[in-house]
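*Asks:* The structure file entry04.tsv (TSV, C-alpha atoms) is provided below.
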chain	number	residue	atom	x	y	z
R	21	MET	CA	0.00	0.00	0.00
R	22	HIS	CA	1.16	3.53	-0.73
R	23	THR	CA	2.59	5.11	2.42
R	24	LYS	CA	0.42	8.23	2.24
R	25	LEU	CA	-2.76	6.19	1.86
R	26	LEU	CA	-1.76	4.00	4.79
R	27	ILE	CA	-1.20	6.99	7.05
R	28	ALA	CA	-4.42	8.66	5.88
R	29	ALA	CA	-6.44	5.51	6.59
R	30	ALA	CA	-5.05	5.20	10.12
R	31	CYS	CA	-5.58	8.89	10.87
R	32	LEU	CA	-9.17	8.93	9.58
R	33	LEU	CA	-9.93	5.87	11.68
R	34	GLY	CA	-8.54	7.57	14.78
R	35	LEU	CA	-10.48	10.74	13.99
R	36	PHE	CA	-13.88	9.10	13.65
R	37	ALA	CA	-13.34	6.79	16.63
R	38	THR	CA	-12.52	9.63	19.04
R	39	ILE	CA	-15.33	11.83	17.75
R	40	GLY	CA	-17.72	9.25	19.17
R	41	ALA	CA	-15.78	8.83	22.39
R	42	SER	CA	-15.70	12.58	23.12
R	43	LEU	CA	-19.36	13.34	22.43
R	44	PRO	CA	-20.61	12.86	26.02
R	45	TYR	CA	-18.07	15.21	27.64
R	46	PRO	CA	-20.08	18.42	27.16
R	47	ILE	CA	-23.43	16.57	27.40
R	48	LEU	CA	-23.10	14.73	30.70
R	49	PRO	CA	-22.05	17.42	33.24
R	50	PRO	CA	-25.22	19.53	32.80
R	51	LEU	CA	-27.37	16.37	32.97
R	52	PHE	CA	-25.89	15.40	36.32
R	53	ALA	CA	-24.89	18.73	37.91
R	54	SER	CA	-27.52	21.27	36.80
R	55	GLY	CA	-29.90	20.45	39.65
R	56	ALA	CA	-32.81	19.45	37.38
R	57	SER	CA	-34.01	15.92	38.16
R	58	ASN	CA	-34.24	13.30	35.39
R	59	GLY	CA	-34.18	9.53	35.02
R	60	LEU	CA	-30.40	9.50	34.62
R	61	ASN	CA	-29.33	11.55	37.63
R	62	SER	CA	-31.92	10.11	40.06
R	63	PHE	CA	-31.21	6.40	39.57
R	64	MET	CA	-31.85	4.51	42.83
R	65	GLY	CA	-31.71	7.78	44.73
R	66	LEU	CA	-27.92	7.95	44.50
R	67	PRO	CA	-26.12	11.36	44.49
R	68	PRO	CA	-25.96	12.79	40.95
R	69	LYS	CA	-22.21	13.43	41.20
R	70	PHE	CA	-21.66	9.80	42.18
R	71	LEU	CA	-23.71	8.65	39.19
R	72	PHE	CA	-21.73	11.05	37.02
R	73	GLY	CA	-18.47	9.51	38.20
R	74	LEU	CA	-19.73	6.01	37.44
R	75	ALA	CA	-20.89	7.12	34.00
R	76	LEU	CA	-17.37	8.40	33.32
R	77	THR	CA	-15.86	5.14	34.59
R	78	ILE	CA	-17.76	2.62	32.49
R	79	ASN	CA	-16.61	3.73	29.03
R	80	PRO	CA	-12.91	3.66	30.00
R	81	LEU	CA	-13.50	0.21	31.52
R	82	GLY	CA	-14.58	-0.98	28.07
R	83	LEU	CA	-11.61	0.82	26.54
R	84	LEU	CA	-9.32	-0.87	29.06
R	85	ILE	CA	-10.46	-4.34	28.07
R	86	GLY	CA	-10.53	-3.47	24.37
R	87	ASN	CA	-7.04	-2.00	24.32
R	88	ALA	CA	-5.62	-4.92	26.31
R	89	LEU	CA	-7.09	-7.46	23.89
R	90	LEU	CA	-7.53	-5.86	20.46
R	91	GLY	CA	-3.85	-5.11	19.86
R	92	PRO	CA	-2.68	-8.70	20.52
R	93	LEU	CA	-5.73	-10.08	18.66
R	94	SER	CA	-4.75	-7.98	15.65
R	95	ASP	CA	-1.25	-9.51	15.86
R	96	ARG	CA	-2.96	-12.89	15.45
R	97	TYR	CA	-5.91	-12.17	13.10
R	98	GLY	CA	-4.71	-9.10	11.19
R	99	ARG	CA	-5.16	-5.34	11.47
R	100	ARG	CA	-7.85	-5.02	8.77
R	101	PRO	CA	-10.40	-7.51	10.18
R	102	MET	CA	-10.11	-6.09	13.70
R	103	LEU	CA	-10.50	-2.50	12.50
R	104	LEU	CA	-13.61	-3.39	10.47
R	105	LEU	CA	-15.20	-5.30	13.34
R	106	THR	CA	-14.56	-2.64	15.94
R	107	ALA	CA	-15.71	0.30	13.79
R	108	LEU	CA	-19.08	-1.36	13.12
R	109	GLY	CA	-19.39	-2.46	16.76
R	110	ALA	CA	-18.80	1.09	18.00
R	111	ALA	CA	-21.50	2.35	15.60
R	112	ILE	CA	-23.99	-0.05	17.20
R	113	GLY	CA	-22.89	1.14	20.65
R	114	HIS	CA	-23.68	4.76	19.80
R	115	ALA	CA	-27.11	3.78	18.50
R	116	VAL	CA	-27.90	2.04	21.79
R	117	THR	CA	-26.57	5.07	23.72
R	118	ALA	CA	-29.00	7.30	21.85
R	119	GLY	CA	-31.84	4.99	22.79
R	120	ALA	CA	-30.80	5.01	26.46
R	121	LEU	CA	-30.81	8.81	26.56
R	122	LEU	CA	-34.20	8.91	24.87
R	123	VAL	CA	-35.84	6.70	27.50
R	124	GLU	CA	-33.63	8.10	30.33
R	125	SER	CA	-32.45	4.62	31.35
R	126	TYR	CA	-29.26	4.83	33.40
R	127	PRO	CA	-28.57	1.03	33.31
R	128	LEU	CA	-28.97	0.89	29.51
R	129	PHE	CA	-26.76	3.96	29.17
R	130	ILE	CA	-24.06	2.24	31.23
R	131	VAL	CA	-24.24	-0.94	29.12
R	132	ALA	CA	-24.09	1.05	25.88
R	133	ARG	CA	-21.12	3.13	26.98
R	134	PHE	CA	-19.25	0.00	28.06
R	135	GLY	CA	-19.83	-1.73	24.72
R	136	THR	CA	-18.84	1.39	22.79
R	137	GLY	CA	-15.63	1.69	24.79
R	138	LEU	CA	-14.82	-1.96	24.19
R	139	MET	CA	-15.03	-1.45	20.42
R	140	GLU	CA	-13.26	1.92	20.45
R	141	GLY	CA	-10.23	0.32	22.06
R	142	ASN	CA	-8.90	-0.05	18.51
R	143	GLY	CA	-6.46	2.84	18.80
R	144	ALA	CA	-3.75	0.31	19.62
R	145	VAL	CA	-4.51	-1.49	16.34
R	146	ALA	CA	-4.19	1.74	14.34
R	147	ARG	CA	-0.88	2.56	16.05
R	148	ALA	CA	0.37	-0.98	15.44
R	149	LEU	CA	-0.57	-0.66	11.77
R	150	LEU	CA	1.73	2.36	11.40
R	151	ALA	CA	4.46	0.79	13.53
R	152	ASP	CA	4.39	-2.31	11.29
R	153	LYS	CA	4.69	-0.54	7.97
R	154	LEU	CA	6.90	2.47	8.75
R	155	GLU	CA	10.37	2.96	10.18
R	156	GLY	CA	12.63	5.64	11.62
R	157	ASP	CA	11.66	9.32	11.52
R	158	LEU	CA	8.66	8.63	9.26
R	159	ARG	CA	7.23	6.28	11.87
R	160	VAL	CA	7.66	8.93	14.58
R	161	ARG	CA	6.01	11.59	12.41
R	162	ALA	CA	3.15	9.29	11.39
R	163	LEU	CA	2.44	8.35	15.01
R	164	SER	CA	2.44	12.06	15.84
R	165	TRP	CA	-0.03	12.70	13.00
R	166	LEU	CA	-2.19	9.86	14.33
R	167	ASN	CA	-2.13	11.56	17.72
R	168	GLY	CA	-3.21	14.71	15.94
R	169	ALA	CA	-6.16	12.83	14.44
R	170	PHE	CA	-7.13	11.61	17.91
R	171	TYR	CA	-6.92	15.20	19.19
R	172	MET	CA	-8.98	16.43	16.25
R	173	GLY	CA	-11.61	13.87	17.24
R	174	TRP	CA	-11.69	15.31	20.75
R	175	LEU	CA	-12.15	18.71	19.08
R	176	ALA	CA	-14.82	17.65	16.60
R	177	GLY	CA	-16.79	15.53	19.08
R	178	PRO	CA	-17.57	18.31	21.59
R	179	LEU	CA	-18.16	20.77	18.74
R	180	LEU	CA	-20.57	18.33	17.13
R	181	ALA	CA	-22.38	17.88	20.43
R	182	GLY	CA	-22.63	21.62	21.06
R	183	ALA	CA	-23.82	22.34	17.51
R	184	THR	CA	-26.46	19.59	17.30
R	185	LEU	CA	-27.88	19.45	20.83
R	186	VAL	CA	-30.48	22.03	19.79
R	187	PHE	CA	-32.00	19.33	17.55
R	188	GLY	CA	-32.17	16.78	20.37
R	189	ILE	CA	-29.85	15.12	22.87
R	190	THR	CA	-29.62	11.92	20.81
R	191	VAL	CA	-28.69	13.58	17.51
R	192	PRO	CA	-24.90	13.72	18.17
R	193	PHE	CA	-24.83	9.98	18.82
R	194	TRP	CA	-26.72	9.15	15.62
R	195	ILE	CA	-24.23	11.27	13.68
R	196	ALA	CA	-21.36	9.41	15.36
R	197	CYS	CA	-23.01	6.12	14.41
R	198	GLY	CA	-23.15	7.13	10.75
R	199	ALA	CA	-19.55	8.38	10.80
R	200	LEU	CA	-18.30	5.06	12.13
R	201	VAL	CA	-20.17	3.15	9.43
R	202	LEU	CA	-18.42	5.34	6.87
R	203	THR	CA	-15.14	4.66	8.67
R	204	ALA	CA	-15.67	0.91	8.28
R	205	ALA	CA	-16.27	1.41	4.56
R	206	MET	CA	-13.10	3.48	4.29
R	207	VAL	CA	-11.05	0.79	6.06
R	208	ALA	CA	-12.47	-1.89	3.75
R	209	LEU	CA	-11.41	0.12	0.70
R	210	ALA	CA	-8.08	1.47	1.91
R	211	LEU	CA	-6.50	-1.56	3.58
R	212	PRO	CA	-5.63	-4.59	1.43
R	213	GLN	CA	-6.63	-8.14	2.27
R	214	GLU	CA	-4.09	-9.78	4.56
R	215	ALA	CA	-2.65	-13.26	4.20
R	216	PRO	CA	-4.30	-15.71	6.60
R	217	SER	CA	-2.34	-16.30	9.78
R	218	LYS	CA	-0.58	-19.65	10.08
R	219	ALA	CA	-1.28	-19.69	13.82
R	220	THR	CA	-3.89	-22.15	15.04
R	221	SER	CA	-4.64	-20.70	18.47
R	222	ALA	CA	-8.24	-19.74	19.18
R	223	TRP	CA	-9.18	-16.14	19.95
R	224	TRP	CA	-9.75	-16.92	23.62
R	225	GLN	CA	-6.27	-18.43	23.83
R	226	VAL	CA	-4.80	-15.28	22.32
R	227	ALA	CA	-6.82	-13.15	24.75
R	228	ARG	CA	-5.64	-15.26	27.67
R	229	ASP	CA	-1.98	-15.68	26.75
R	230	GLN	CA	-1.07	-12.57	24.74
R	231	HIS	CA	-2.95	-9.70	26.36
R	232	ALA	CA	-0.97	-6.50	26.89
R	233	PHE	CA	-0.55	-7.00	30.64
R	234	ASN	CA	1.69	-10.02	29.98
R	235	LEU	CA	4.38	-7.48	29.09
R	236	LEU	CA	4.54	-6.47	32.75
R	237	ARG	CA	6.68	-9.54	33.41
R	238	HIS	CA	9.60	-7.56	31.96
R	239	THR	CA	11.32	-5.02	34.20
R	240	GLU	CA	11.58	-2.11	31.75
R	241	LEU	CA	8.02	-2.49	30.52
R	242	ARG	CA	6.81	-2.68	34.10
R	243	MET	CA	8.54	0.63	34.83
R	244	LEU	CA	7.03	2.10	31.66
R	245	PHE	CA	3.60	1.01	32.87
R	246	ILE	CA	4.05	2.60	36.32
R	247	VAL	CA	5.30	5.93	34.99
R	248	GLN	CA	2.75	6.03	32.19
R	249	LEU	CA	-0.06	5.21	34.62
R	250	ALA	CA	0.93	8.09	36.90
R	251	TYR	CA	1.10	10.51	33.97
R	252	THR	CA	-2.18	9.40	32.43
R	253	CYS	CA	-3.90	9.59	35.82
R	254	GLY	CA	-3.00	13.27	35.82
R	255	VAL	CA	-4.27	13.67	32.26
R	256	THR	CA	-7.53	11.80	32.82
R	257	ALA	CA	-8.27	13.64	36.06
R	258	PHE	CA	-8.08	16.79	33.95
R	259	TYR	CA	-10.10	15.45	30.99
R	260	GLU	CA	-12.88	13.99	33.10
R	261	PHE	CA	-13.39	16.77	35.63
R	262	TYR	CA	-12.51	20.12	34.08
R	263	PRO	CA	-16.01	20.15	32.48
R	264	LEU	CA	-17.52	19.72	35.95
R	265	TRP	CA	-15.24	22.52	37.20
R	266	LEU	CA	-16.54	24.70	34.37
R	267	VAL	CA	-20.15	24.02	35.40
R	268	GLU	CA	-19.56	24.68	39.10
R	269	VAL	CA	-16.98	27.49	39.03
R	270	ALA	CA	-17.51	29.26	35.70
R	271	GLY	CA	-21.23	28.54	35.26
R	272	TYR	CA	-20.78	26.95	31.82
R	273	GLY	CA	-23.41	24.85	30.05
R	274	ALA	CA	-22.93	22.20	27.37
R	275	THR	CA	-22.32	24.74	24.59
R	276	GLY	CA	-19.69	26.67	26.57
R	277	ILE	CA	-17.90	23.46	27.52
R	278	ALA	CA	-17.94	22.37	23.88
R	279	TRP	CA	-16.35	25.60	22.64
R	280	LEU	CA	-13.63	25.64	25.30
R	281	THR	CA	-12.89	21.98	24.59
R	282	ALA	CA	-12.68	22.91	20.92
R	283	ALA	CA	-10.02	25.52	21.73
R	284	LEU	CA	-8.06	23.00	23.80
R	285	CYS	CA	-8.20	20.24	21.18
R	286	GLY	CA	-7.51	22.63	18.34
R	287	LEU	CA	-4.30	23.74	20.04
R	288	MET	CA	-3.34	20.09	20.66
R	289	THR	CA	-3.98	19.28	17.02
R	290	LEU	CA	-1.82	22.15	15.76
R	291	THR	CA	0.93	21.26	18.22
R	292	SER	CA	0.92	17.62	17.14
R	293	LEU	CA	1.75	18.67	13.57
R	294	VAL	CA	5.19	19.83	14.70
R	295	ALA	CA	5.69	17.72	17.83
R	296	GLY	CA	6.94	14.68	15.91
R	297	ARG	CA	9.92	16.41	14.32
R	298	PRO	CA	13.38	14.94	15.03
R	299	SER	CA	15.18	16.40	18.04
R	300	ALA	CA	18.68	16.18	19.45
R	301	ILE	CA	17.24	16.05	22.99
R	302	ALA	CA	16.81	12.55	24.44
R	303	PRO	CA	13.17	11.34	24.23
R	304	LEU	CA	12.78	10.62	27.95
R	305	ARG	CA	14.18	14.03	28.83
R	306	ARG	CA	11.62	15.71	26.60
R	307	ALA	CA	8.87	13.53	28.07
R	308	ALA	CA	9.91	14.51	31.61
R	309	TRP	CA	9.73	18.22	30.79
R	310	ASN	CA	6.32	17.87	29.20
R	311	ALA	CA	4.90	15.79	32.07
R	312	THR	CA	5.99	18.50	34.50
R	313	ALA	CA	4.37	21.19	32.36
R	314	VAL	CA	1.12	19.18	32.22
R	315	ALA	CA	1.15	18.93	36.02
R	316	ALA	CA	1.53	22.71	36.28
R	317	THR	CA	-1.45	23.45	34.01
R	318	VAL	CA	-3.72	20.99	35.84
R	319	ALA	CA	-2.72	22.52	39.19
R	320	LEU	CA	-3.52	26.00	37.87
R	321	VAL	CA	-7.05	24.91	37.01
R	322	ALA	CA	-7.51	23.75	40.61
R	323	VAL	CA	-5.98	26.72	42.43
R	324	GLY	CA	-6.44	29.62	40.01
R	325	ASN	CA	-9.40	31.92	39.51
R	326	VAL	CA	-11.87	31.46	36.66
R	327	TRP	CA	-9.78	33.15	33.98
R	328	VAL	CA	-6.49	31.56	35.04
R	329	GLY	CA	-8.22	28.17	35.06
R	330	ILE	CA	-9.72	28.67	31.61
R	331	ALA	CA	-6.33	29.71	30.19
R	332	ALA	CA	-4.67	26.69	31.81
R	333	ILE	CA	-7.30	24.36	30.31
R	334	VAL	CA	-6.43	25.53	26.80
R	335	LEU	CA	-2.64	25.63	27.34
R	336	PHE	CA	-2.68	22.07	28.71
R	337	GLY	CA	-2.83	20.93	25.07
R	338	ILE	CA	0.74	22.00	24.22
R	339	PRO	CA	2.83	19.84	26.60
R	340	ASN	CA	0.36	16.95	26.37
R	341	ALA	CA	0.69	16.86	22.57
R	342	PHE	CA	4.48	16.88	22.78
R	343	TYR	CA	4.49	14.09	25.38
R	344	ASN	CA	2.23	11.89	23.27
R	345	ALA	CA	4.34	12.50	20.17
R	346	VAL	CA	7.52	11.36	21.94
R	347	VAL	CA	6.53	8.34	24.03
R	348	PRO	CA	4.80	6.02	21.48
R	349	GLY	CA	7.59	6.44	18.94
R	350	TRP	CA	10.25	5.79	21.59
R	351	CYS	CA	8.38	2.68	22.74
R	352	ALA	CA	8.10	1.40	19.17
R	353	GLU	CA	11.87	1.72	18.75
R	354	ARG	CA	12.87	0.24	22.10
R	355	PHE	CA	10.24	-2.46	22.65
R	356	GLY	CA	9.19	-3.33	19.09
R	357	SER	CA	10.50	-6.89	19.42
R	358	PHE	CA	7.67	-7.67	21.84
R	359	GLY	CA	5.08	-7.01	19.11
R	360	HIS	CA	3.85	-3.55	18.17
R	361	GLY	CA	0.23	-4.53	18.75
R	362	ALA	CA	0.93	-5.63	22.32
R	363	VAL	CA	3.18	-2.64	23.14
R	364	MET	CA	0.78	-0.05	21.76
R	365	GLY	CA	-2.01	-1.95	23.46
R	366	LEU	CA	-0.18	-1.58	26.79
R	367	LEU	CA	0.05	2.20	26.31
R	368	SER	CA	-3.62	2.49	25.40
R	369	THR	CA	-4.65	0.13	28.20
R	370	THR	CA	-2.72	2.20	30.72
R	371	PHE	CA	-4.66	5.30	29.65
R	372	CYS	CA	-7.94	3.42	30.08
R	373	LEU	CA	-6.97	2.14	33.51
R	374	ALA	CA	-6.12	5.69	34.51
R	375	ASN	CA	-9.58	6.79	33.33
R	376	ILE	CA	-11.20	4.20	35.57
R	377	LEU	CA	-9.08	4.96	38.63
R	378	MET	CA	-9.55	8.72	38.42
R	379	ALA	CA	-13.25	8.48	37.65
R	380	LEU	CA	-13.73	6.32	40.76
R	381	ALA	CA	-11.57	8.64	42.86
R	382	GLY	CA	-13.38	11.66	41.46
R	383	SER	CA	-16.82	10.22	42.21
R	384	VAL	CA	-15.83	10.43	45.88
R	385	LEU	CA	-13.61	13.53	45.97
R	386	THR	CA	-16.05	15.70	44.02
R	387	LEU	CA	-18.60	15.17	46.78
R	388	LEU	CA	-16.23	17.32	48.86
R	389	ASP	CA	-14.69	19.61	46.21
R	390	THR	CA	-14.06	19.12	42.48
R	391	ARG	CA	-10.68	20.81	42.83
R	392	LEU	CA	-9.38	17.93	44.96
R	393	ILE	CA	-9.38	15.46	42.06
R	394	LEU	CA	-7.58	18.02	39.87
R	395	LEU	CA	-4.90	18.49	42.55
R	396	LEU	CA	-4.46	14.74	42.84
R	397	GLY	CA	-4.01	14.51	39.07
R	398	ALA	CA	-1.44	17.32	39.09
R	399	ALA	CA	0.56	15.57	41.83
R	400	LEU	CA	0.62	12.27	39.91
R	401	ALA	CA	1.73	13.92	36.65
R	402	ALA	CA	4.47	15.80	38.54
R	403	TRP	CA	5.69	12.51	40.03
R	404	ALA	CA	5.79	10.98	36.54
R	405	GLY	CA	7.95	13.85	35.30
R	406	TRP	CA	10.31	13.44	38.26
R	407	ARG	CA	10.54	9.67	37.76
R	408	LEU	CA	11.20	10.02	34.02
R	409	ARG	CA	14.22	12.19	34.75
R	410	GLY	CA	15.65	9.49	37.01
R	411	TRP	CA	14.70	6.65	34.68
R	412	ARG	CA	16.48	8.29	31.74
R	413	VAL	CA	19.81	7.59	33.44
R	414	GLN	CA	18.89	3.98	34.14
R	415	MET	CA	17.72	3.45	30.53
R	416	ALA	CA	21.08	4.46	29.06
R	417	GLY	CA	21.91	0.78	28.50
R	418	PRO	CA	21.15	-1.33	25.43
R	419	ALA	CA	17.66	-1.57	23.94
R	420	ALA	CA	15.23	-4.29	24.94
R	421	GLY	CA	15.98	-7.74	23.54
R	422	VAL	CA	13.91	-10.28	21.71
R	423	ALA	CA	10.29	-10.94	22.47
R	424	PRO	CA	9.43	-13.74	24.90
In structure tokens, how does this file's structure come out?

*Replies:*
Amino acid sequence: MHTKLLIAAACLLGLFATIGASLPYPILPPLFASGASNGLNSFMGLPPKFLFGLALTINPLGLLIGNALLGPLSDRYGRRPMLLLTALGAAIGHAVTAGALLVESYPLFIVARFGTGLMEGNGAVARALLADKLEGDLRVRALSWLNGAFYMGWLAGPLLAGATLVFGITVPFWIACGALVLTAAMVALALPQEAPSKATSAWWQVARDQHAFNLLRHTELRMLFIVQLAYTCGVTAFYEFYPLWLVEVAGYGATGIAWLTAALCGLMTLTSLVAGRPSAIAPLRRAAWNATAVAATVALVAVGNVWVGIAAIVLFGIPNAFYNAVVPGWCAERFGSFGHGAVMGLLSTTFCLANILMALAGSVLTLLDTRLILLLGAALAAWAGWRLRGWRVQMAGPAAGVAP
């Protein structure tokens, strides 16, 4: 396949997948924190903020399982079949989500968001596709462009929600459903048929024996997981709860949240276009700087006034884009012998686990003060930056060896 077409296919897939994943961010906070009672925020008489935290948790739980399994499964069954299956499955998930919102069924909403997350855990497959076919600086740039497509999805999703909510709360999800169907068609046309695998193991054996967490048996990958988990906990605390901060502190509604999120994601997208350029500075050193900068912006949201917090929300996109341009490419170079699908799956799975942990922590801490979960996230990201600086010295040895 022509290199440009390959990169375009992966980036379009990432774009349409994250559009669907980001739709609820401006929609959910007003539903659960506006004070108006509905079938979603009054389920079983539980506190609305607690229900909000659980609603944020369930989609990342699906993403966690999907990212842990889909990357290794694509190593076994091929990138193209897994991308087709997951794109169509996510489309069905959005259709069910729309139905749950229409009837105001919290349990059905939870089931739909879990299933959608499970299918949208295909980011690891898209990253593995690029890592398979590309090498050197082009691989680093392509992975950075794929990150840009993911960021653009986070931009387009909230914008889509804010622009179409006036036609009904379910409309954004139906649009996402149609976009994912088109994505599946694009994948079918753009990616060639793959030669059948010679492996004879069943899918459940692959899921059991080759899931991403098996990589944690190796010392360096275990350290990568710990540091990446701390960093992504800081990032997800920000992503999940700055919209709630905007409702409570700045008095924003869904449209205001959507436009501010658009500014944030637009800046991340523009930054990602240049973040993948070659640099003479060691990758882990750059990652440490950017993790520290992310921690500072998240802390400013928690402790600053309204305008300082809003500025910090937008500026968060710059160091986060640089961090995500550096780390996947470095991992592909150092740990590629373990299988790109599994390694990229570990990175994506770590992000999903962080989503779950911070959503659960936030469902409790926000009952006291929303700023507490933001401060916790800032502290974890700062620790990751500190640990990366120390780890860089330890990692000065030879690259990781052959796969187990």

*Asks:* Measure the distance from atom CA of R:Leu236 to atom CA of R:Gly143 in Å and round it to one decimal.

*Replies:*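 If I compute the distance from atom CA of R:Leu236 to atom CA of R:Gly143, I get 20.1 Å.
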
*Asks:* Quick one: of R:Leu200, R:Leu179, R:Leu395, R:Val191, who's nearest to R:Gly109, counting only C-alpha atoms?

*Replies:*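 Going through R:Leu200, R:Leu179, R:Leu395, R:Val191 one by one, the smallest distance to R:Gly109 is for R:Leu200.
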
*Asks:* Would you kindly return, as a ChimeraX atom specification, each protein, DNA or RNA residue with an atom no farther than 12 Å from any atom of R:Ala169, considering only C-alpha atoms and excluding same-chain residues fewer than 4 positions away?

*Replies:* /R:27-39,143,146-147,162-165,173-177,285-286,288-293,341,345

*Asks:* Might you pull out every residue within 12 Å of R:Arg159, with all atoms listed in the file counted and same-chain residues fewer than 3 positions away left off, and present them as a PDB file with C-alpha atoms, in the frame of the given file?

*Replies:*
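That gives us result-v7.pdb:
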ATOM      1  CA  THR R  23       2.590   5.110   2.420  1.00  0.00           C
ATOM      2  CA  LYS R  24       0.420   8.230   2.240  1.00  0.00           C
ATOM      3  CA  LEU R  26      -1.760   4.000   4.790  1.00  0.00           C
ATOM      4  CA  ILE R  27      -1.200   6.990   7.050  1.00  0.00           C
ATOM      5  CA  ARG R 147      -0.880   2.560  16.050  1.00  0.00           C
ATOM      6  CA  ALA R 148       0.370  -0.980  15.440  1.00  0.00           C
ATOM      7  CA  LEU R 149      -0.570  -0.660  11.770  1.00  0.00           C
ATOM      8  CA  LEU R 150       1.730   2.360  11.400  1.00  0.00           C
ATOM      9  CA  ALA R 151       4.460   0.790  13.530  1.00  0.00           C
ATOM     10  CA  ASP R 152       4.390  -2.310  11.290  1.00  0.00           C
ATOM     11  CA  LYS R 153       4.690  -0.540   7.970  1.00  0.00           C
ATOM     12  CA  LEU R 154       6.900   2.470   8.750  1.00  0.00           C
ATOM     13  CA  GLU R 155      10.370   2.960  10.180  1.00  0.00           C
ATOM     14  CA  GLY R 156      12.630   5.640  11.620  1.00  0.00           C
ATOM     15  CA  ALA R 162       3.150   9.290  11.390  1.00  0.00           C
ATOM     16  CA  LEU R 163       2.440   8.350  15.010  1.00  0.00           C
ATOM     17  CA  SER R 164       2.440  12.060  15.840  1.00  0.00           C
ATOM     18  CA  TRP R 165      -0.030  12.700  13.000  1.00  0.00           C
ATOM     19  CA  LEU R 166      -2.190   9.860  14.330  1.00  0.00           C
ATOM     20  CA  GLY R 296       6.940  14.680  15.910  1.00  0.00           C
ATOM     21  CA  ARG R 297       9.920  16.410  14.320  1.00  0.00           C
ATOM     22  CA  PRO R 298      13.380  14.940  15.030  1.00  0.00           C
ATOM     23  CA  ALA R 345       4.340  12.500  20.170  1.00  0.00           C
ATOM     24  CA  VAL R 346       7.520  11.360  21.940  1.00  0.00           C
ATOM     25  CA  PRO R 348       4.800   6.020  21.480  1.00  0.00           C
ATOM     26  CA  GLY R 349       7.590   6.440  18.940  1.00  0.00           C
ATOM     27  CA  TRP R 350      10.250   5.790  21.590  1.00  0.00           C
ATOM     28  CA  CYS R 351       8.380   2.680  22.740  1.00  0.00           C
ATOM     29  CA  ALA R 352       8.100   1.400  19.170  1.00  0.00           C
ATOM     30  CA  GLU R 353      11.870   1.720  18.750  1.00  0.00           C
TER      31      GLU R 353
END

*Asks:* Using all atoms listed in the file, which of the listed residues (R:Leu128, R:Leu408, R:Ala302, R:Cys372) sits closest to R:His114?

*Replies:*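 Comparing R:Leu128, R:Leu408, R:Ala302, R:Cys372 against R:His114, the winner is R:Leu128.
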
*Asks:* Can you tell me which residues surround R:Ala270 at a distance of at most 10 Å, considering only C-alpha atoms, apart from same-chain residues fewer than 3 positions away, and format the answer as a PyMOL selection string?

*Replies:* chain R and resi 263-267+273+276+325-327+329-330

*Asks:* Counting all atoms listed in the file, which of R:Thr239, R:Ser357, R:Asn58, R:Ser42 gets nearest to R:Tyr259?

*Replies:* R:Ser42

*Asks:* What does the structure give for the distance between atom CA of R:Ala300 and atom CA of R:Ala332, in Å to one decimal?

*Replies:* 28.4 Å

*Asks:* How many Å lie between atom CA of R:Ala183 and atom CA of R:Ala295, rounded to one decimal?

*Replies:* 29.9 Å

*Asks:* Fewer than 2 positions away in the same chain doesn't count, so skip those; otherwise give me all residues within 8 Å of R:Thr317, counting only C-alpha atoms, as an MDAnalysis selection string.

*Replies:* chainID R and resid 313:315 319:321 332:333 335:336 398

*Asks:* Listing only residues of stretch 97-116 of chain R within 12 Å of stretch 75-83 of chain R, what is the closest atom pair and its distance in Å (to one decimal) for each, using only C-alpha atoms, sorted by chain and residue number ascending, as a tab-separated table?

*Replies:*
residue	atom	partner	partner_atom	distance
R:Thr106	CA	R:Leu83	CA	11.5
R:Ala110	CA	R:Gly82	CA	11.1
R:Gly113	CA	R:Asn79	CA	10.8
R:His114	CA	R:Asn79	CA	11.7

*Asks:* Calculated over only C-alpha atoms, which of the candidates R:Asn340, R:Gln248, R:Asn167, R:Thr190 has the smallest distance to R:Ala404?

*Replies:*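 Of R:Asn340, R:Gln248, R:Asn167, R:Thr190, the one nearest R:Ala404, counting only C-alpha atoms, is R:Gln248.
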